[in-house]
file final_28.txt (compact mmCIF, N, CA and C atoms)
# COMPACT_ATOMS: atom_id res chain seq x y z
N MET A 29 -38.64 27.32 18.91
CA MET A 29 -37.26 27.24 18.44
C MET A 29 -36.94 25.78 18.10
N PRO A 30 -36.46 25.54 16.87
CA PRO A 30 -36.16 24.15 16.48
C PRO A 30 -34.99 23.58 17.29
N GLU A 31 -35.07 22.27 17.53
CA GLU A 31 -34.02 21.60 18.28
C GLU A 31 -32.75 21.53 17.44
N LYS A 32 -31.61 21.77 18.10
CA LYS A 32 -30.33 21.72 17.42
C LYS A 32 -30.01 20.27 17.03
N ARG A 33 -29.58 20.07 15.80
CA ARG A 33 -29.22 18.74 15.30
C ARG A 33 -27.94 18.28 15.99
N LYS A 34 -27.89 17.02 16.42
CA LYS A 34 -26.69 16.47 17.03
C LYS A 34 -25.58 16.37 15.99
N LYS A 35 -24.33 16.33 16.49
CA LYS A 35 -23.18 16.37 15.60
C LYS A 35 -22.14 15.32 15.99
N LEU A 36 -21.66 14.59 14.98
CA LEU A 36 -20.55 13.65 15.12
C LEU A 36 -19.33 14.26 14.46
N ALA A 37 -18.21 14.31 15.17
CA ALA A 37 -16.92 14.73 14.61
C ALA A 37 -16.01 13.50 14.65
N LEU A 38 -15.52 13.11 13.49
CA LEU A 38 -14.76 11.88 13.36
C LEU A 38 -13.44 12.18 12.66
N ILE A 39 -12.35 11.68 13.23
CA ILE A 39 -11.03 11.84 12.62
C ILE A 39 -10.60 10.49 12.07
N VAL A 40 -10.28 10.46 10.79
CA VAL A 40 -9.82 9.23 10.13
C VAL A 40 -8.34 9.41 9.82
N HIS A 41 -7.48 8.64 10.50
CA HIS A 41 -6.04 8.77 10.28
C HIS A 41 -5.43 7.54 9.62
N SER A 42 -6.25 6.54 9.31
CA SER A 42 -5.76 5.32 8.70
C SER A 42 -6.48 5.08 7.38
N GLY A 43 -5.77 4.47 6.45
CA GLY A 43 -6.36 4.20 5.16
C GLY A 43 -6.63 2.73 4.91
N THR A 44 -6.72 1.94 5.98
CA THR A 44 -6.98 0.52 5.79
C THR A 44 -8.48 0.26 5.73
N LEU A 45 -8.84 -0.79 5.02
CA LEU A 45 -10.25 -1.11 4.78
C LEU A 45 -11.03 -1.28 6.09
N ASP A 46 -10.45 -1.95 7.06
CA ASP A 46 -11.16 -2.18 8.32
C ASP A 46 -11.48 -0.87 9.03
N LYS A 47 -10.54 0.06 9.05
CA LYS A 47 -10.77 1.33 9.72
C LYS A 47 -11.71 2.23 8.92
N LEU A 48 -11.60 2.18 7.58
CA LEU A 48 -12.53 2.96 6.76
C LEU A 48 -13.96 2.46 6.94
N LEU A 49 -14.13 1.14 6.94
CA LEU A 49 -15.48 0.60 7.15
C LEU A 49 -16.02 1.03 8.50
N CYS A 50 -15.19 0.98 9.53
CA CYS A 50 -15.62 1.42 10.86
C CYS A 50 -16.06 2.89 10.83
N ALA A 51 -15.23 3.75 10.26
CA ALA A 51 -15.55 5.17 10.21
C ALA A 51 -16.82 5.43 9.40
N PHE A 52 -16.96 4.75 8.26
CA PHE A 52 -18.10 5.00 7.40
C PHE A 52 -19.38 4.38 7.95
N ILE A 53 -19.28 3.30 8.68
CA ILE A 53 -20.46 2.74 9.35
C ILE A 53 -20.94 3.72 10.42
N LEU A 54 -20.01 4.26 11.19
CA LEU A 54 -20.38 5.25 12.21
C LEU A 54 -20.97 6.50 11.56
N GLY A 55 -20.33 6.98 10.50
CA GLY A 55 -20.83 8.17 9.81
C GLY A 55 -22.18 7.96 9.17
N SER A 56 -22.36 6.81 8.52
CA SER A 56 -23.65 6.57 7.86
C SER A 56 -24.76 6.33 8.87
N THR A 57 -24.41 5.73 10.00
CA THR A 57 -25.42 5.56 11.06
C THR A 57 -25.81 6.91 11.62
N ALA A 58 -24.82 7.78 11.81
CA ALA A 58 -25.13 9.13 12.30
C ALA A 58 -26.06 9.87 11.35
N THR A 59 -25.75 9.84 10.06
CA THR A 59 -26.62 10.57 9.11
C THR A 59 -28.00 9.93 9.04
N ALA A 60 -28.07 8.60 9.16
CA ALA A 60 -29.38 7.92 9.17
C ALA A 60 -30.19 8.31 10.40
N MET A 61 -29.50 8.70 11.47
CA MET A 61 -30.17 9.15 12.70
C MET A 61 -30.39 10.65 12.69
N ASP A 62 -30.22 11.29 11.50
CA ASP A 62 -30.43 12.72 11.32
C ASP A 62 -29.42 13.55 12.10
N MET A 63 -28.21 13.03 12.25
CA MET A 63 -27.12 13.78 12.86
C MET A 63 -26.20 14.32 11.77
N GLU A 64 -25.57 15.45 12.04
CA GLU A 64 -24.51 15.93 11.16
C GLU A 64 -23.29 15.04 11.38
N ALA A 65 -22.57 14.72 10.31
CA ALA A 65 -21.32 13.98 10.42
C ALA A 65 -20.23 14.83 9.76
N HIS A 66 -19.18 15.08 10.51
CA HIS A 66 -18.03 15.85 10.04
C HIS A 66 -16.82 14.93 10.14
N ILE A 67 -16.26 14.58 8.98
CA ILE A 67 -15.16 13.61 8.97
C ILE A 67 -13.89 14.29 8.45
N TYR A 68 -12.86 14.26 9.29
CA TYR A 68 -11.57 14.89 9.02
C TYR A 68 -10.56 13.80 8.67
N PHE A 69 -10.02 13.84 7.46
CA PHE A 69 -9.07 12.85 6.98
C PHE A 69 -7.66 13.41 7.10
N THR A 70 -6.80 12.70 7.84
CA THR A 70 -5.43 13.13 8.04
C THR A 70 -4.48 11.93 7.90
N PHE A 71 -3.22 12.19 7.74
CA PHE A 71 -2.19 11.17 7.54
C PHE A 71 -2.63 10.14 6.50
N TRP A 72 -2.54 8.85 6.79
CA TRP A 72 -2.85 7.84 5.78
C TRP A 72 -4.33 7.82 5.43
N GLY A 73 -5.17 8.32 6.29
CA GLY A 73 -6.59 8.47 5.97
C GLY A 73 -6.77 9.46 4.83
N LEU A 74 -5.98 10.53 4.82
CA LEU A 74 -6.07 11.54 3.77
C LEU A 74 -5.81 10.91 2.40
N ASN A 75 -4.87 9.99 2.34
CA ASN A 75 -4.56 9.35 1.06
C ASN A 75 -5.77 8.65 0.45
N MET A 76 -6.74 8.28 1.26
CA MET A 76 -7.95 7.62 0.76
C MET A 76 -8.88 8.59 0.05
N LEU A 77 -8.65 9.88 0.18
CA LEU A 77 -9.46 10.87 -0.53
C LEU A 77 -8.94 11.14 -1.94
N ALA A 78 -7.79 10.56 -2.29
CA ALA A 78 -7.29 10.69 -3.66
C ALA A 78 -8.22 9.91 -4.59
N LYS A 79 -8.42 10.44 -5.77
CA LYS A 79 -9.29 9.79 -6.75
C LYS A 79 -8.85 8.34 -6.96
N GLY A 80 -9.77 7.40 -6.83
CA GLY A 80 -9.52 5.99 -7.05
C GLY A 80 -8.97 5.22 -5.85
N ALA A 81 -8.58 5.91 -4.79
CA ALA A 81 -7.94 5.24 -3.65
C ALA A 81 -8.91 4.40 -2.83
N LEU A 82 -10.13 4.88 -2.62
CA LEU A 82 -11.07 4.12 -1.79
C LEU A 82 -11.36 2.75 -2.37
N GLU A 83 -11.35 2.66 -3.70
CA GLU A 83 -11.62 1.38 -4.36
C GLU A 83 -10.49 0.38 -4.15
N LYS A 84 -9.30 0.86 -3.79
CA LYS A 84 -8.13 0.00 -3.63
C LYS A 84 -7.80 -0.30 -2.17
N ALA A 85 -8.58 0.19 -1.24
CA ALA A 85 -8.28 0.01 0.19
C ALA A 85 -8.24 -1.47 0.53
N GLY A 86 -7.25 -1.83 1.33
CA GLY A 86 -7.10 -3.21 1.75
C GLY A 86 -6.86 -3.29 3.25
N LEU A 87 -6.71 -4.49 3.73
CA LEU A 87 -6.45 -4.70 5.15
C LEU A 87 -4.97 -4.50 5.46
N PRO A 88 -4.65 -4.19 6.71
CA PRO A 88 -3.24 -4.06 7.10
C PRO A 88 -2.54 -5.42 7.06
N ALA A 89 -1.23 -5.41 7.07
CA ALA A 89 -0.44 -6.63 6.94
C ALA A 89 -0.86 -7.72 7.91
N THR A 90 -1.19 -7.35 9.14
CA THR A 90 -1.58 -8.32 10.16
C THR A 90 -2.78 -9.16 9.74
N TYR A 91 -3.68 -8.56 8.97
CA TYR A 91 -4.92 -9.23 8.57
C TYR A 91 -5.01 -9.46 7.07
N LYS A 92 -3.93 -9.22 6.35
CA LYS A 92 -3.93 -9.32 4.88
C LYS A 92 -4.44 -10.69 4.41
N HIS A 93 -4.11 -11.73 5.15
CA HIS A 93 -4.53 -13.09 4.78
C HIS A 93 -6.05 -13.26 4.78
N MET A 94 -6.77 -12.32 5.40
CA MET A 94 -8.23 -12.40 5.48
C MET A 94 -8.93 -11.46 4.50
N GLU A 95 -8.14 -10.69 3.75
CA GLU A 95 -8.71 -9.63 2.91
C GLU A 95 -9.67 -10.16 1.84
N GLU A 96 -9.28 -11.15 1.08
CA GLU A 96 -10.15 -11.66 0.02
C GLU A 96 -11.42 -12.26 0.59
N ARG A 97 -11.30 -12.95 1.70
CA ARG A 97 -12.49 -13.55 2.33
C ARG A 97 -13.45 -12.45 2.79
N LEU A 98 -12.91 -11.39 3.39
CA LEU A 98 -13.74 -10.26 3.83
C LEU A 98 -14.43 -9.61 2.64
N LYS A 99 -13.68 -9.30 1.60
CA LYS A 99 -14.27 -8.64 0.43
C LYS A 99 -15.34 -9.52 -0.22
N LYS A 100 -15.09 -10.83 -0.28
CA LYS A 100 -16.07 -11.75 -0.85
C LYS A 100 -17.35 -11.74 -0.01
N LYS A 101 -17.20 -11.80 1.30
CA LYS A 101 -18.36 -11.80 2.19
C LYS A 101 -19.15 -10.50 2.06
N LEU A 102 -18.46 -9.37 1.98
CA LEU A 102 -19.14 -8.08 1.82
C LEU A 102 -19.93 -8.05 0.51
N ARG A 103 -19.35 -8.60 -0.57
CA ARG A 103 -20.07 -8.66 -1.85
C ARG A 103 -21.30 -9.55 -1.73
N GLU A 104 -21.15 -10.71 -1.08
CA GLU A 104 -22.28 -11.62 -0.89
C GLU A 104 -23.40 -10.94 -0.10
N MET A 105 -23.03 -10.10 0.86
CA MET A 105 -24.00 -9.38 1.68
C MET A 105 -24.58 -8.18 0.94
N LYS A 106 -24.05 -7.92 -0.27
CA LYS A 106 -24.43 -6.73 -1.05
C LYS A 106 -24.14 -5.46 -0.25
N TYR A 107 -23.04 -5.50 0.49
CA TYR A 107 -22.61 -4.38 1.32
C TYR A 107 -21.98 -3.32 0.42
N PRO A 108 -22.30 -2.07 0.61
CA PRO A 108 -21.72 -1.04 -0.24
C PRO A 108 -20.21 -0.92 -0.01
N THR A 109 -19.49 -0.52 -1.05
CA THR A 109 -18.07 -0.26 -0.92
C THR A 109 -17.87 1.01 -0.09
N PRO A 110 -16.66 1.25 0.41
CA PRO A 110 -16.45 2.50 1.16
C PRO A 110 -16.84 3.75 0.35
N TYR A 111 -16.49 3.77 -0.94
CA TYR A 111 -16.83 4.96 -1.72
C TYR A 111 -18.34 5.09 -1.90
N GLU A 112 -19.04 3.98 -2.10
CA GLU A 112 -20.50 4.02 -2.18
C GLU A 112 -21.09 4.52 -0.86
N MET A 113 -20.53 4.09 0.26
CA MET A 113 -21.01 4.54 1.56
C MET A 113 -20.81 6.05 1.70
N LEU A 114 -19.63 6.52 1.29
CA LEU A 114 -19.34 7.95 1.38
C LEU A 114 -20.32 8.75 0.52
N LYS A 115 -20.59 8.27 -0.69
CA LYS A 115 -21.52 8.99 -1.56
C LYS A 115 -22.94 8.99 -1.00
N ARG A 116 -23.34 7.90 -0.36
CA ARG A 116 -24.67 7.86 0.27
C ARG A 116 -24.76 8.86 1.42
N MET A 117 -23.70 8.94 2.21
CA MET A 117 -23.69 9.92 3.31
C MET A 117 -23.78 11.33 2.75
N LYS A 118 -23.03 11.61 1.68
CA LYS A 118 -23.07 12.94 1.06
C LYS A 118 -24.47 13.25 0.55
N ALA A 119 -25.14 12.25 -0.02
CA ALA A 119 -26.49 12.45 -0.57
C ALA A 119 -27.48 12.83 0.53
N SER A 120 -27.19 12.47 1.77
CA SER A 120 -28.08 12.82 2.88
C SER A 120 -28.08 14.32 3.16
N GLY A 121 -27.04 14.99 2.71
CA GLY A 121 -26.90 16.42 3.00
C GLY A 121 -26.37 16.68 4.40
N LEU A 122 -26.02 15.64 5.13
CA LEU A 122 -25.59 15.79 6.52
C LEU A 122 -24.10 15.52 6.73
N LEU A 123 -23.38 15.19 5.67
CA LEU A 123 -21.95 14.88 5.79
C LEU A 123 -21.10 16.01 5.23
N LYS A 124 -20.07 16.36 5.97
CA LYS A 124 -19.04 17.29 5.51
C LYS A 124 -17.70 16.57 5.63
N ILE A 125 -16.92 16.63 4.54
CA ILE A 125 -15.62 15.97 4.51
C ILE A 125 -14.53 17.03 4.48
N TYR A 126 -13.54 16.83 5.35
CA TYR A 126 -12.43 17.75 5.49
C TYR A 126 -11.12 17.03 5.18
N ALA A 127 -10.28 17.64 4.37
CA ALA A 127 -8.95 17.12 4.07
C ALA A 127 -7.94 17.95 4.87
N CYS A 128 -7.03 17.29 5.55
CA CYS A 128 -6.03 17.96 6.39
C CYS A 128 -5.00 18.68 5.51
N SER A 129 -4.94 19.98 5.62
CA SER A 129 -4.03 20.76 4.77
C SER A 129 -2.55 20.48 5.06
N PRO A 130 -2.10 20.36 6.33
CA PRO A 130 -0.68 20.04 6.54
C PRO A 130 -0.31 18.66 5.97
N THR A 131 -1.21 17.69 6.08
CA THR A 131 -0.93 16.37 5.53
C THR A 131 -0.87 16.43 4.01
N MET A 132 -1.73 17.23 3.40
CA MET A 132 -1.68 17.39 1.94
C MET A 132 -0.31 17.92 1.52
N GLU A 133 0.18 18.90 2.25
CA GLU A 133 1.50 19.46 1.94
C GLU A 133 2.60 18.41 2.16
N MET A 134 2.50 17.69 3.27
CA MET A 134 3.49 16.67 3.63
C MET A 134 3.60 15.60 2.55
N PHE A 135 2.44 15.15 2.01
CA PHE A 135 2.41 14.07 1.03
C PHE A 135 2.37 14.57 -0.42
N GLY A 136 2.38 15.88 -0.61
CA GLY A 136 2.36 16.42 -1.97
C GLY A 136 1.03 16.23 -2.68
N VAL A 137 -0.06 16.22 -1.92
CA VAL A 137 -1.40 16.03 -2.49
C VAL A 137 -1.98 17.41 -2.85
N LYS A 138 -2.50 17.52 -4.04
CA LYS A 138 -3.13 18.76 -4.50
C LYS A 138 -4.65 18.61 -4.45
N LYS A 139 -5.35 19.75 -4.37
CA LYS A 139 -6.81 19.74 -4.32
C LYS A 139 -7.40 18.96 -5.50
N GLU A 140 -6.82 19.13 -6.68
CA GLU A 140 -7.34 18.45 -7.87
C GLU A 140 -7.11 16.93 -7.84
N ASP A 141 -6.28 16.45 -6.91
CA ASP A 141 -6.07 15.00 -6.74
C ASP A 141 -7.20 14.35 -5.95
N LEU A 142 -8.00 15.17 -5.25
CA LEU A 142 -9.01 14.66 -4.33
C LEU A 142 -10.34 14.37 -5.01
N ILE A 143 -11.09 13.44 -4.41
CA ILE A 143 -12.44 13.16 -4.91
C ILE A 143 -13.30 14.42 -4.78
N PRO A 144 -14.31 14.57 -5.62
CA PRO A 144 -15.12 15.79 -5.60
C PRO A 144 -15.98 15.94 -4.34
N GLU A 145 -16.14 14.90 -3.57
CA GLU A 145 -16.98 14.97 -2.36
C GLU A 145 -16.33 15.74 -1.21
N VAL A 146 -15.03 16.04 -1.32
CA VAL A 146 -14.35 16.80 -0.26
C VAL A 146 -14.93 18.21 -0.22
N ASP A 147 -15.35 18.62 0.98
CA ASP A 147 -15.95 19.95 1.14
C ASP A 147 -14.93 21.03 1.44
N THR A 148 -13.98 20.72 2.34
CA THR A 148 -13.09 21.75 2.86
C THR A 148 -11.70 21.20 3.08
N ILE A 149 -10.72 22.01 2.78
CA ILE A 149 -9.34 21.72 3.15
C ILE A 149 -9.07 22.56 4.39
N ALA A 150 -8.67 21.89 5.48
CA ALA A 150 -8.55 22.60 6.76
C ALA A 150 -7.42 22.03 7.59
N GLY A 151 -6.88 22.88 8.44
CA GLY A 151 -5.89 22.43 9.41
C GLY A 151 -6.57 21.94 10.68
N ALA A 152 -5.76 21.46 11.59
CA ALA A 152 -6.29 20.89 12.83
C ALA A 152 -7.07 21.92 13.64
N ALA A 153 -6.59 23.15 13.71
CA ALA A 153 -7.27 24.17 14.52
C ALA A 153 -8.69 24.41 14.01
N ALA A 154 -8.86 24.47 12.70
CA ALA A 154 -10.20 24.69 12.13
C ALA A 154 -11.12 23.52 12.46
N PHE A 155 -10.59 22.28 12.33
CA PHE A 155 -11.44 21.13 12.63
C PHE A 155 -11.73 21.04 14.13
N LEU A 156 -10.76 21.31 14.97
CA LEU A 156 -11.00 21.27 16.42
C LEU A 156 -12.02 22.32 16.84
N ASP A 157 -12.01 23.46 16.19
CA ASP A 157 -13.02 24.48 16.49
C ASP A 157 -14.40 23.94 16.18
N LEU A 158 -14.54 23.29 15.04
CA LEU A 158 -15.82 22.69 14.66
C LEU A 158 -16.19 21.56 15.63
N ALA A 159 -15.21 20.72 15.97
CA ALA A 159 -15.46 19.56 16.84
C ALA A 159 -15.72 19.96 18.29
N SER A 160 -15.35 21.16 18.66
CA SER A 160 -15.47 21.57 20.07
C SER A 160 -16.92 21.55 20.58
N ASP A 161 -17.89 21.68 19.68
CA ASP A 161 -19.28 21.60 20.13
C ASP A 161 -19.98 20.35 19.62
N ALA A 162 -19.20 19.34 19.19
CA ALA A 162 -19.80 18.08 18.74
C ALA A 162 -20.33 17.30 19.93
N ASP A 163 -21.38 16.55 19.70
CA ASP A 163 -21.92 15.70 20.74
C ASP A 163 -21.08 14.43 20.92
N ILE A 164 -20.47 13.98 19.82
CA ILE A 164 -19.63 12.78 19.83
C ILE A 164 -18.39 13.10 19.01
N THR A 165 -17.21 12.82 19.57
CA THR A 165 -15.95 12.99 18.86
C THR A 165 -15.16 11.70 18.97
N LEU A 166 -14.73 11.17 17.80
CA LEU A 166 -14.02 9.89 17.76
C LEU A 166 -12.84 9.98 16.83
N ILE A 167 -11.85 9.11 17.05
CA ILE A 167 -10.75 8.95 16.11
C ILE A 167 -10.68 7.49 15.70
N VAL A 168 -10.54 7.27 14.39
CA VAL A 168 -10.47 5.91 13.86
C VAL A 168 -9.16 5.77 13.10
call {"tool": "encode", "arguments": {"input": "final_28.txt", "output": "structure tokens"}}
result
Amino acid sequence: MPEKRKKLALIVHSGTLDKLLCAFILGSTATAMDMEAHIYFTFWGLNMLAKGALEKAGLPATYKHMEERLKKKLREMKYPTPYEMLKRMKASGLLKIYACSPTMEMFGVKKEDLIPEVDTIAGAAAFLDLASDADITLIV
């Protein structure tokens, strides 16, 4: 009997660059370790799934003065952008992306507004059911 693949369940509720990088580093590390990664985007995190939004992500007001320096350093390091990271995770076949349906309704977001990498539109109960057997569950 094959060994069950480990699973990461991650909730992204913020749309700031620092939190997206954190979530995507964790997700990409999980997929590189042959783990399933299930990422649920809700509240301001959901807004990052709108077409073109990931490319515009910035730091929160507290750290805004450091944003250009951070972005410059990431470019110098040839670090992938958040959207490039997301696409690499999807290419692994181990990432599933969930958009929060109540948040979509709250913010007036339609399915056609979302990037094509979104797998499922789901409410909290559906994601919690999936996350209930995850080996690691985190919120960013």
call {"tool": "closest_residue", "arguments": {"input": "final_28.txt", "among": "A:Ile143, A:Leu102, A:Leu54, A:Met63", "to": "Met76 in chain A", "atoms": "all atoms listed in the file"}}
result
A:Ile143
call {"tool": "select_by_dssp", "arguments": {"input": "final_28.txt", "residues": "chain A", "states": "strand (DSSP E)", "output": "short mmCIF file (atom, residue, chain, number, x, y, z; two decimals) with N, CA and C atoms, in the coordinates of the input"}}
result
data_model
loop_
_atom_site.label_atom_id
_atom_site.label_comp_id
_atom_site.auth_asym_id
_atom_site.auth_seq_id
_atom_site.Cartn_x
_atom_site.Cartn_y
_atom_site.Cartn_z
N LYS A 35 -24.33 16.33 16.49
CA LYS A 35 -23.18 16.37 15.60
C LYS A 35 -22.14 15.32 15.99
N LEU A 36 -21.66 14.59 14.98
CA LEU A 36 -20.55 13.65 15.12
C LEU A 36 -19.33 14.26 14.46
N ALA A 37 -18.21 14.31 15.17
CA ALA A 37 -16.92 14.73 14.61
C ALA A 37 -16.01 13.50 14.65
N LEU A 38 -15.52 13.11 13.49
CA LEU A 38 -14.76 11.88 13.36
C LEU A 38 -13.44 12.18 12.66
N ILE A 39 -12.35 11.68 13.23
CA ILE A 39 -11.03 11.84 12.62
C ILE A 39 -10.60 10.49 12.07
N VAL A 40 -10.28 10.46 10.79
CA VAL A 40 -9.82 9.23 10.13
C VAL A 40 -8.34 9.41 9.82
N GLU A 64 -25.57 15.45 12.04
CA GLU A 64 -24.51 15.93 11.16
C GLU A 64 -23.29 15.04 11.38
N ALA A 65 -22.57 14.72 10.31
CA ALA A 65 -21.32 13.98 10.42
C ALA A 65 -20.23 14.83 9.76
N HIS A 66 -19.18 15.08 10.51
CA HIS A 66 -18.03 15.85 10.04
C HIS A 66 -16.82 14.93 10.14
N ILE A 67 -16.26 14.58 8.98
CA ILE A 67 -15.16 13.61 8.97
C ILE A 67 -13.89 14.29 8.45
N TYR A 68 -12.86 14.26 9.29
CA TYR A 68 -11.57 14.89 9.02
C TYR A 68 -10.56 13.80 8.67
N PHE A 69 -10.02 13.84 7.46
CA PHE A 69 -9.07 12.85 6.98
C PHE A 69 -7.66 13.41 7.10
N LEU A 123 -23.38 15.19 5.67
CA LEU A 123 -21.95 14.88 5.79
C LEU A 123 -21.10 16.01 5.23
N LYS A 124 -20.07 16.36 5.97
CA LYS A 124 -19.04 17.29 5.51
C LYS A 124 -17.70 16.57 5.63
N ILE A 125 -16.92 16.63 4.54
CA ILE A 125 -15.62 15.97 4.51
C ILE A 125 -14.53 17.03 4.48
N TYR A 126 -13.54 16.83 5.35
CA TYR A 126 -12.43 17.75 5.49
C TYR A 126 -11.12 17.03 5.18
N ALA A 127 -10.28 17.64 4.37
CA ALA A 127 -8.95 17.12 4.07
C ALA A 127 -7.94 17.95 4.87
N CYS A 128 -7.03 17.29 5.55
CA CYS A 128 -6.03 17.96 6.39
C CYS A 128 -5.00 18.68 5.51
N THR A 148 -13.98 20.72 2.34
CA THR A 148 -13.09 21.75 2.86
C THR A 148 -11.70 21.20 3.08
N ILE A 149 -10.72 22.01 2.78
CA ILE A 149 -9.34 21.72 3.15
C ILE A 149 -9.07 22.56 4.39
N ALA A 150 -8.67 21.89 5.48
CA ALA A 150 -8.55 22.60 6.76
C ALA A 150 -7.42 22.03 7.59
N ILE A 164 -20.47 13.98 19.82
CA ILE A 164 -19.63 12.78 19.83
C ILE A 164 -18.39 13.10 19.01
N THR A 165 -17.21 12.82 19.57
CA THR A 165 -15.95 12.99 18.86
C THR A 165 -15.16 11.70 18.97
N LEU A 166 -14.73 11.17 17.80
CA LEU A 166 -14.02 9.89 17.76
C LEU A 166 -12.84 9.98 16.83
N ILE A 167 -11.85 9.11 17.05
CA ILE A 167 -10.75 8.95 16.11
C ILE A 167 -10.68 7.49 15.70
#
call {"tool": "atom_distance", "arguments": {"input": "final_28.txt", "atom1": "CA of Lys34 in chain A", "atom2": "CA of His66 in chain A"}}
result
11.1 Å
call {"tool": "residues_near_point", "arguments": {"input": "final_28.txt", "point": "(-28.6, 14.3, 7.3)", "cutoff": "5 Å", "atoms": "only N, CA and C atoms", "output": "short mmCIF file (atom, residue, chain, number, x, y, z; two decimals) with N, CA and C atoms, in the coordinates of the input"}}
result
data_model
loop_
_atom_site.label_atom_id
_atom_site.label_comp_id
_atom_site.auth_asym_id
_atom_site.auth_seq_id
_atom_site.Cartn_x
_atom_site.Cartn_y
_atom_site.Cartn_z
N THR A 59 -25.75 9.84 10.06
CA THR A 59 -26.62 10.57 9.11
C THR A 59 -28.00 9.93 9.04
N ASP A 62 -30.22 11.29 11.50
CA ASP A 62 -30.43 12.72 11.32
C ASP A 62 -29.42 13.55 12.10
N SER A 120 -27.19 12.47 1.77
CA SER A 120 -28.08 12.82 2.88
C SER A 120 -28.08 14.32 3.16
N GLY A 121 -27.04 14.99 2.71
CA GLY A 121 -26.90 16.42 3.00
C GLY A 121 -26.37 16.68 4.40
N LEU A 122 -26.02 15.64 5.13
CA LEU A 122 -25.59 15.79 6.52
C LEU A 122 -24.10 15.52 6.73
#
call {"tool": "closest_residue", "arguments": {"input": "final_28.txt", "among": "A:Leu87, A:Cys50, A:Ala162, A:Leu142", "to": "Lys35 in chain A", "atoms": "all atoms listed in the file"}}
result
A:Ala162
call {"tool": "closest_atom_pairs", "arguments": {"input": "final_28.txt", "of": "range 77-114 of chain A", "to": "range 36-48 of chain A", "cutoff": "8 Å", "atoms": "only C-alpha atoms", "output": "CSV"}}
result
residue,atom,partner,partner_atom,distance
A:Ala85,CA,A:Leu45,CA,5.1
A:Gly86,CA,A:Leu45,CA,4.8
A:Leu87,CA,A:Leu45,CA,5.2
A:Pro88,CA,A:Thr44,CA,6.1
A:Pro110,CA,A:Leu48,CA,6.9
call {"tool": "atom_distance", "arguments": {"input": "final_28.txt", "atom1": "atom N of Ala154 in chain A", "atom2": "CA of Phe69 in chain A"}}
result
13.0 Å
call {"tool": "closest_residue", "arguments": {"input": "final_28.txt", "among": "A:Val146, A:Cys128, A:Tyr111, A:Met134", "to": "Ala81 in chain A", "atoms": "all atoms listed in the file"}}
result
A:Tyr111
call {"tool": "closest_residue", "arguments": {"input": "final_28.txt", "among": "A:Ile67, A:Ala78, A:Ile125, A:Met132", "to": "Thr148 in chain A", "atoms": "all atoms listed in the file"}}
result
A:Ile125
call {"tool": "select_by_dssp", "arguments": {"input": "final_28.txt", "residues": "chain A", "states": "helix (DSSP H, G or I)", "output": "ChimeraX atom specification"}}
result
/A:45-60,71-77,82-84,89-104,110-119,129-135,139-141,152-159
call {"tool": "atom_distance", "arguments": {"input": "final_28.txt", "atom1": "CA of Pro108 in chain A", "atom2": "atom N of Ala60 in chain A"}}
result
14.9 Å
call {"tool": "closest_residue", "arguments": {"input": "final_28.txt", "among": "A:Glu83, A:Glu31, A:Glu64, A:Glu95", "to": "Thr109 in chain A", "atoms": "only N, CA and C atoms"}}
result
A:Glu83
call {"tool": "axis_aligned_box", "arguments": {"input": "final_28.txt", "around": "range 82-96 of chain A", "padding_each_side": "4 Å", "output": "lines of an AutoDock Vina configuration file"}}
result
center_x = -6.0
center_y = -4.2
center_z = 2.9
size_x = 19.2
size_y = 26.1
size_z = 22.5
call {"tool": "closest_residue", "arguments": {"input": "final_28.txt", "among": "A:Ala51, A:Ala58, A:Leu74, A:Met105", "to": "Thr131 in chain A", "atoms": "all atoms listed in the file"}}
result
A:Leu74
